[in-house]
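Right, one structure below, let's go through it.
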Amino acid sequence: MPRKIVHYPHPALRHKSKPVTMIDKELHIQIGEMLELMYQAKGLGLAAPQVALPYQLLVMNITGDPNQPECEEIFVNPQIVEKKGAMTGEEGCLSFPGLYQDVRRAQTIKVRAYNLKGEPVEKTVSDLESRAWQHELDHLNGVLFIDMMGPLARFAARSSVKKFEKAFRAAQEKGEIPPNLEIEKLLAALEGRP
Ligand code: CO
């Protein structure tokens, strides 16, 4: 089955991901698939749990443009080590297609990760890039942008969130998506990978 971006409330989105311990051929293949799916969906970033992979792994291209592959960035085991300031702005998520709401985030953050060569990288990012990082990093901890919305945005998103829940249950009833227990088993098996 080809890999797909999973939509809320798929259990992979609430699963805390495990650090990557080996950058092997399989991981490279999965990263290629993630980039392709991100571009198809017109996103700027994608976290591994969004394709039901329980790994601490992010792909980003802040231009969102597949014709600018030089802007592609892959981050392994990323962390935010410093946060400064605050900003409120509209955010979307490829696991909630069509839902956009204001979310408050830190304006500037310092991040640390490993690149695909296993070398440590550190950078300071602001504004859109800072927002993308905070959003994607939350995914690795099973945190979604609906959790980060203020009360007004959350209220405005309520009916849309209910629709996603209904659509997901309907897809499970039709057998298009496995039952939650089966998904949890698959995630646990993937975690066992070296
Ligand atoms: Co997202």
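Just so we're on the same page: first chain in the structure tokens is A, next is B, and so on; residues restart at 1 for each chain, and ligands are numbered from 1 in the order they show up.
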
Closest atom pairs, residues of chain A within 9 Å of ligand 1, only C-alpha atoms and all ligand atoms, as a Markdown table:
```
| residue | atom | partner | partner_atom_place_in_ligand_line | distance |
| --- | --- | --- | --- | --- |
| A:Gly45 | CA | ligand 1 | 1 (Co) | 7.8 |
| A:Leu46 | CA | ligand 1 | 1 (Co) | 6.8 |
| A:Ala47 | CA | ligand 1 | 1 (Co) | 7.3 |
| A:Gln50 | CA | ligand 1 | 1 (Co) | 7.4 |
| A:Glu91 | CA | ligand 1 | 1 (Co) | 8.8 |
| A:Gly92 | CA | ligand 1 | 1 (Co) | 6.8 |
| A:Cys93 | CA | ligand 1 | 1 (Co) | 3.7 |
| A:Leu94 | CA | ligand 1 | 1 (Co) | 5.4 |
| A:Ser95 | CA | ligand 1 | 1 (Co) | 5.8 |
| A:Phe96 | CA | ligand 1 | 1 (Co) | 7.5 |
| A:Ala132 | CA | ligand 1 | 1 (Co) | 8.7 |
| A:His135 | CA | ligand 1 | 1 (Co) | 6.1 |
| A:Glu136 | CA | ligand 1 | 1 (Co) | 5.9 |
| A:Asp138 | CA | ligand 1 | 1 (Co) | 8.3 |
| A:His139 | CA | ligand 1 | 1 (Co) | 6.6 |
| A:Leu144 | CA | ligand 1 | 1 (Co) | 6.7 |
| A:Phe145 | CA | ligand 1 | 1 (Co) | 6.9 |
```

> Looking only at the backbone, which of the residues in segment 82-175 of chain A does DSSP tag as strand (DSSP E), as a PyMOL selection string?
Replying inline: chain A and resi 82-84+87-92+100-105+108-114+120-126

Those residues with N, CA and C atoms, as a PDB file, in the first residue's frame please?
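See again-v9.pdb below for the written result:
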```pdb
ATOM      1  N   GLU A  82      15.766  26.935  22.536  1.00  0.00           N
ATOM      2  CA  GLU A  82      15.512  28.283  23.046  1.00  0.00           C
ATOM      3  C   GLU A  82      14.291  28.854  22.354  1.00  0.00           C
ATOM      4  N   LYS A  83      13.495  29.628  23.085  1.00  0.00           N
ATOM      5  CA  LYS A  83      12.323  30.289  22.503  1.00  0.00           C
ATOM      6  C   LYS A  83      12.339  31.749  22.937  1.00  0.00           C
ATOM      7  N   LYS A  84      11.983  32.638  21.989  1.00  0.00           N
ATOM      8  CA  LYS A  84      11.935  34.072  22.319  1.00  0.00           C
ATOM      9  C   LYS A  84      10.729  34.724  21.669  1.00  0.00           C
ATOM     10  N   MET A  87       4.124  35.468  18.743  1.00  0.00           N
ATOM     11  CA  MET A  87       3.415  35.962  17.556  1.00  0.00           C
ATOM     12  C   MET A  87       2.149  35.127  17.380  1.00  0.00           C
ATOM     13  N   THR A  88       1.114  35.742  16.844  1.00  0.00           N
ATOM     14  CA  THR A  88      -0.111  35.009  16.565  1.00  0.00           C
ATOM     15  C   THR A  88      -0.361  35.096  15.070  1.00  0.00           C
ATOM     16  N   GLY A  89      -0.666  33.961  14.448  1.00  0.00           N
ATOM     17  CA  GLY A  89      -0.911  33.963  13.012  1.00  0.00           C
ATOM     18  C   GLY A  89      -1.609  32.688  12.590  1.00  0.00           C
ATOM     19  N   GLU A  90      -2.080  32.705  11.345  1.00  0.00           N
ATOM     20  CA  GLU A  90      -2.859  31.582  10.843  1.00  0.00           C
ATOM     21  C   GLU A  90      -1.970  30.373  10.567  1.00  0.00           C
ATOM     22  N   GLU A  91      -2.506  29.220  10.896  1.00  0.00           N
ATOM     23  CA  GLU A  91      -1.778  27.971  10.713  1.00  0.00           C
ATOM     24  C   GLU A  91      -2.703  26.918  10.123  1.00  0.00           C
ATOM     25  N   GLY A  92      -2.128  26.032   9.325  1.00  0.00           N
ATOM     26  CA  GLY A  92      -2.877  24.892   8.804  1.00  0.00           C
ATOM     27  C   GLY A  92      -2.065  23.639   9.050  1.00  0.00           C
ATOM     28  N   TYR A 100      -7.930  26.170   8.918  1.00  0.00           N
ATOM     29  CA  TYR A 100      -6.928  27.203   9.218  1.00  0.00           C
ATOM     30  C   TYR A 100      -7.417  28.018  10.398  1.00  0.00           C
ATOM     31  N   GLN A 101      -6.559  28.192  11.390  1.00  0.00           N
ATOM     32  CA  GLN A 101      -6.925  29.002  12.555  1.00  0.00           C
ATOM     33  C   GLN A 101      -5.676  29.666  13.121  1.00  0.00           C
ATOM     34  N   ASP A 102      -5.912  30.737  13.885  1.00  0.00           N
ATOM     35  CA  ASP A 102      -4.804  31.432  14.528  1.00  0.00           C
ATOM     36  C   ASP A 102      -4.207  30.596  15.659  1.00  0.00           C
ATOM     37  N   VAL A 103      -2.891  30.580  15.707  1.00  0.00           N
ATOM     38  CA  VAL A 103      -2.174  29.892  16.784  1.00  0.00           C
ATOM     39  C   VAL A 103      -1.056  30.827  17.256  1.00  0.00           C
ATOM     40  N   ARG A 104      -0.884  30.892  18.558  1.00  0.00           N
ATOM     41  CA  ARG A 104       0.190  31.704  19.144  1.00  0.00           C
ATOM     42  C   ARG A 104       1.445  30.842  19.274  1.00  0.00           C
ATOM     43  N   ARG A 105       2.546  31.389  18.804  1.00  0.00           N
ATOM     44  CA  ARG A 105       3.831  30.661  18.834  1.00  0.00           C
ATOM     45  C   ARG A 105       4.947  31.603  19.253  1.00  0.00           C
ATOM     46  N   THR A 108      10.908  33.592  17.693  1.00  0.00           N
ATOM     47  CA  THR A 108      12.251  33.143  17.294  1.00  0.00           C
ATOM     48  C   THR A 108      12.614  31.940  18.151  1.00  0.00           C
ATOM     49  N   ILE A 109      13.185  30.944  17.520  1.00  0.00           N
ATOM     50  CA  ILE A 109      13.605  29.765  18.269  1.00  0.00           C
ATOM     51  C   ILE A 109      14.994  29.311  17.797  1.00  0.00           C
ATOM     52  N   LYS A 110      15.688  28.670  18.705  1.00  0.00           N
ATOM     53  CA  LYS A 110      16.958  28.052  18.325  1.00  0.00           C
ATOM     54  C   LYS A 110      16.701  26.545  18.307  1.00  0.00           C
ATOM     55  N   VAL A 111      17.108  25.890  17.212  1.00  0.00           N
ATOM     56  CA  VAL A 111      16.815  24.467  17.057  1.00  0.00           C
ATOM     57  C   VAL A 111      18.099  23.674  16.860  1.00  0.00           C
ATOM     58  N   ARG A 112      18.036  22.436  17.301  1.00  0.00           N
ATOM     59  CA  ARG A 112      19.157  21.510  17.108  1.00  0.00           C
ATOM     60  C   ARG A 112      18.618  20.221  16.537  1.00  0.00           C
ATOM     61  N   ALA A 113      19.369  19.644  15.610  1.00  0.00           N
ATOM     62  CA  ALA A 113      18.951  18.380  15.006  1.00  0.00           C
ATOM     63  C   ALA A 113      20.184  17.713  14.411  1.00  0.00           C
ATOM     64  N   TYR A 114      19.965  16.599  13.737  1.00  0.00           N
ATOM     65  CA  TYR A 114      21.029  15.951  12.962  1.00  0.00           C
ATOM     66  C   TYR A 114      20.606  15.970  11.510  1.00  0.00           C
ATOM     67  N   PRO A 120      25.565  17.016  13.664  1.00  0.00           N
ATOM     68  CA  PRO A 120      24.665  17.939  14.365  1.00  0.00           C
ATOM     69  C   PRO A 120      24.543  19.268  13.618  1.00  0.00           C
ATOM     70  N   VAL A 121      23.341  19.805  13.586  1.00  0.00           N
ATOM     71  CA  VAL A 121      23.115  21.120  12.984  1.00  0.00           C
ATOM     72  C   VAL A 121      22.376  21.978  14.004  1.00  0.00           C
ATOM     73  N   GLU A 122      22.675  23.265  13.980  1.00  0.00           N
ATOM     74  CA  GLU A 122      21.999  24.179  14.896  1.00  0.00           C
ATOM     75  C   GLU A 122      21.657  25.419  14.102  1.00  0.00           C
ATOM     76  N   LYS A 123      20.428  25.927  14.273  1.00  0.00           N
ATOM     77  CA  LYS A 123      20.100  27.184  13.615  1.00  0.00           C
ATOM     78  C   LYS A 123      19.055  27.954  14.391  1.00  0.00           C
ATOM     79  N   THR A 124      19.006  29.244  14.118  1.00  0.00           N
ATOM     80  CA  THR A 124      18.020  30.113  14.748  1.00  0.00           C
ATOM     81  C   THR A 124      17.067  30.563  13.654  1.00  0.00           C
ATOM     82  N   VAL A 125      15.775  30.380  13.888  1.00  0.00           N
ATOM     83  CA  VAL A 125      14.783  30.718  12.864  1.00  0.00           C
ATOM     84  C   VAL A 125      13.699  31.606  13.470  1.00  0.00           C
ATOM     85  N   SER A 126      13.107  32.448  12.606  1.00  0.00           N
ATOM     86  CA  SER A 126      12.070  33.376  13.053  1.00  0.00           C
ATOM     87  C   SER A 126      10.862  33.289  12.141  1.00  0.00           C
TER      88      SER A 126
END
```

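Picture a line from atom CA of Ala188 of chain A to atom CA of Ser17 of chain A; it runs 10.3 Å.
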
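Distances from A:Leu58, A:Leu37, A:Leu128, A:Val51 to Val6 of chain A were compared using only C-alpha atoms, and the smallest one belongs to A:Val51.
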
Would you list the contacts of Pro19 of chain A as a PDB file with N, CA and C atoms, in the first residue's frame, taking every protein, DNA or RNA residue within 6 Å and counting only C-alpha atoms, but skipping same-chain residues closer than 6 positions in sequence?
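The resulting part23.pdb:
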```
ATOM      1  N   TYR A  55       8.727   8.042  14.137  1.00  0.00           N
ATOM      2  CA  TYR A  55      10.123   8.472  14.269  1.00  0.00           C
ATOM      3  C   TYR A  55      10.237   9.982  14.427  1.00  0.00           C
ATOM      4  N   GLN A  56      11.296  10.397  15.107  1.00  0.00           N
ATOM      5  CA  GLN A  56      11.577  11.832  15.263  1.00  0.00           C
ATOM      6  C   GLN A  56      12.277  12.338  14.002  1.00  0.00           C
ATOM      7  N   ASN A  77      15.888  13.697  14.751  1.00  0.00           N
ATOM      8  CA  ASN A  77      15.888  13.925  16.207  1.00  0.00           C
ATOM      9  C   ASN A  77      15.955  15.412  16.563  1.00  0.00           C
TER      10      ASN A  77
END
```

>> Quick check for you: according to DSSP on this backbone, which residues of chain A are classed as helix (DSSP H, G or I)? Reply as number ranges by chain.
In response: A: 11-14, 25-40, 48-51, 69-71, 127-140, 145-148, 151-173, 180-191

Could you take the residues named above and write them with C-alpha atoms, as a short mmCIF file (atom, residue, chain, number, x, y, z; two decimals), in the first residue's frame?
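Ended up saving to result_7.cif:
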```
data_model
loop_
_atom_site.label_atom_id
_atom_site.label_comp_id
_atom_site.auth_asym_id
_atom_site.auth_seq_id
_atom_site.Cartn_x
_atom_site.Cartn_y
_atom_site.Cartn_z
CA PRO A 11 -3.86 7.25 16.25
CA ALA A 12 -0.38 7.79 14.71
CA LEU A 13 -0.93 11.53 15.23
CA ARG A 14 -1.20 11.03 19.01
CA LYS A 25 18.54 3.01 3.10
CA GLU A 26 15.00 2.45 4.33
CA LEU A 27 14.97 5.81 6.09
CA HIS A 28 16.17 7.51 2.90
CA ILE A 29 13.29 5.90 0.98
CA GLN A 30 10.79 7.04 3.61
CA ILE A 31 12.16 10.59 3.49
CA GLY A 32 11.77 10.62 -0.31
CA GLU A 33 8.14 9.54 0.08
CA MET A 34 7.52 12.19 2.73
CA LEU A 35 8.90 14.97 0.52
CA GLU A 36 6.78 13.83 -2.40
CA LEU A 37 3.61 13.72 -0.27
CA MET A 38 4.40 17.13 1.23
CA TYR A 39 4.72 18.71 -2.22
CA GLN A 40 1.59 16.98 -3.54
CA ALA A 48 6.96 11.38 10.22
CA PRO A 49 3.88 10.64 12.41
CA GLN A 50 1.77 12.24 9.67
CA VAL A 51 2.67 9.31 7.43
CA PRO A 69 15.02 21.43 -3.91
CA GLU A 70 17.99 23.43 -2.57
CA CYS A 71 15.57 24.69 0.13
CA ASP A 127 8.56 34.09 11.79
CA LEU A 128 7.16 31.58 9.25
CA GLU A 129 10.08 29.19 9.64
CA SER A 130 9.81 29.36 13.42
CA ARG A 131 6.07 28.66 13.19
CA ALA A 132 6.65 25.67 10.86
CA TRP A 133 9.27 24.24 13.20
CA GLN A 134 7.11 24.54 16.30
CA HIS A 135 4.13 23.02 14.49
CA GLU A 136 6.11 20.09 13.06
CA LEU A 137 8.02 19.44 16.26
CA ASP A 138 4.76 19.25 18.20
CA HIS A 139 3.74 16.40 15.86
CA LEU A 140 6.68 14.34 17.13
CA PHE A 145 -2.35 22.52 16.34
CA ILE A 146 -5.91 22.16 17.65
CA ASP A 147 -4.33 21.67 21.10
CA MET A 148 -2.38 24.92 20.72
CA PRO A 151 -10.35 29.33 23.13
CA LEU A 152 -11.81 31.41 20.26
CA ALA A 153 -9.95 29.57 17.50
CA ARG A 154 -10.74 26.24 19.12
CA PHE A 155 -14.41 27.08 19.24
CA ALA A 156 -14.37 28.16 15.58
CA ALA A 157 -12.63 24.88 14.62
CA ARG A 158 -15.07 22.66 16.52
CA SER A 159 -17.45 21.69 13.71
CA SER A 160 -14.56 21.06 11.33
CA VAL A 161 -12.87 18.81 13.91
CA LYS A 162 -16.12 16.87 14.38
CA LYS A 163 -16.32 16.35 10.60
CA PHE A 164 -12.80 14.89 10.56
CA GLU A 165 -13.73 12.54 13.40
CA LYS A 166 -16.88 11.43 11.60
CA ALA A 167 -15.07 10.87 8.29
CA PHE A 168 -12.35 8.85 10.03
CA ARG A 169 -14.85 6.59 11.79
CA ALA A 170 -16.76 6.09 8.53
CA ALA A 171 -13.53 5.09 6.73
CA GLN A 172 -12.79 2.59 9.52
CA GLU A 173 -16.29 1.15 9.33
CA ASN A 180 -7.17 1.66 16.11
CA LEU A 181 -5.79 -1.41 17.89
CA GLU A 182 -4.33 -2.71 14.66
CA ILE A 183 -2.76 0.68 13.91
CA GLU A 184 -1.19 0.73 17.40
CA LYS A 185 0.29 -2.72 16.73
CA LEU A 186 1.76 -1.55 13.41
CA LEU A 187 3.31 1.51 15.09
CA ALA A 188 4.82 -0.64 17.84
CA ALA A 189 6.30 -2.99 15.20
CA LEU A 190 7.84 0.00 13.34
CA GLU A 191 9.37 1.24 16.58
#
```

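Each of A:Pro78, A:Pro97, A:Pro9, A:Gly192 was compared to Ile177 of chain A using only C-alpha atoms, and A:Pro9 turns out to be the nearest.
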
>> So that I can see what lies close to Glu72 of chain A, please list as a list in words the residues with an atom at most 9 Å from it, counting only C-alpha atoms and leaving out residues fewer than 5 positions away in the same chain.
In response: Leu35, Val59, Met60, Asn61, Ile62, Thr63, Gly64 and Pro66 of chain A
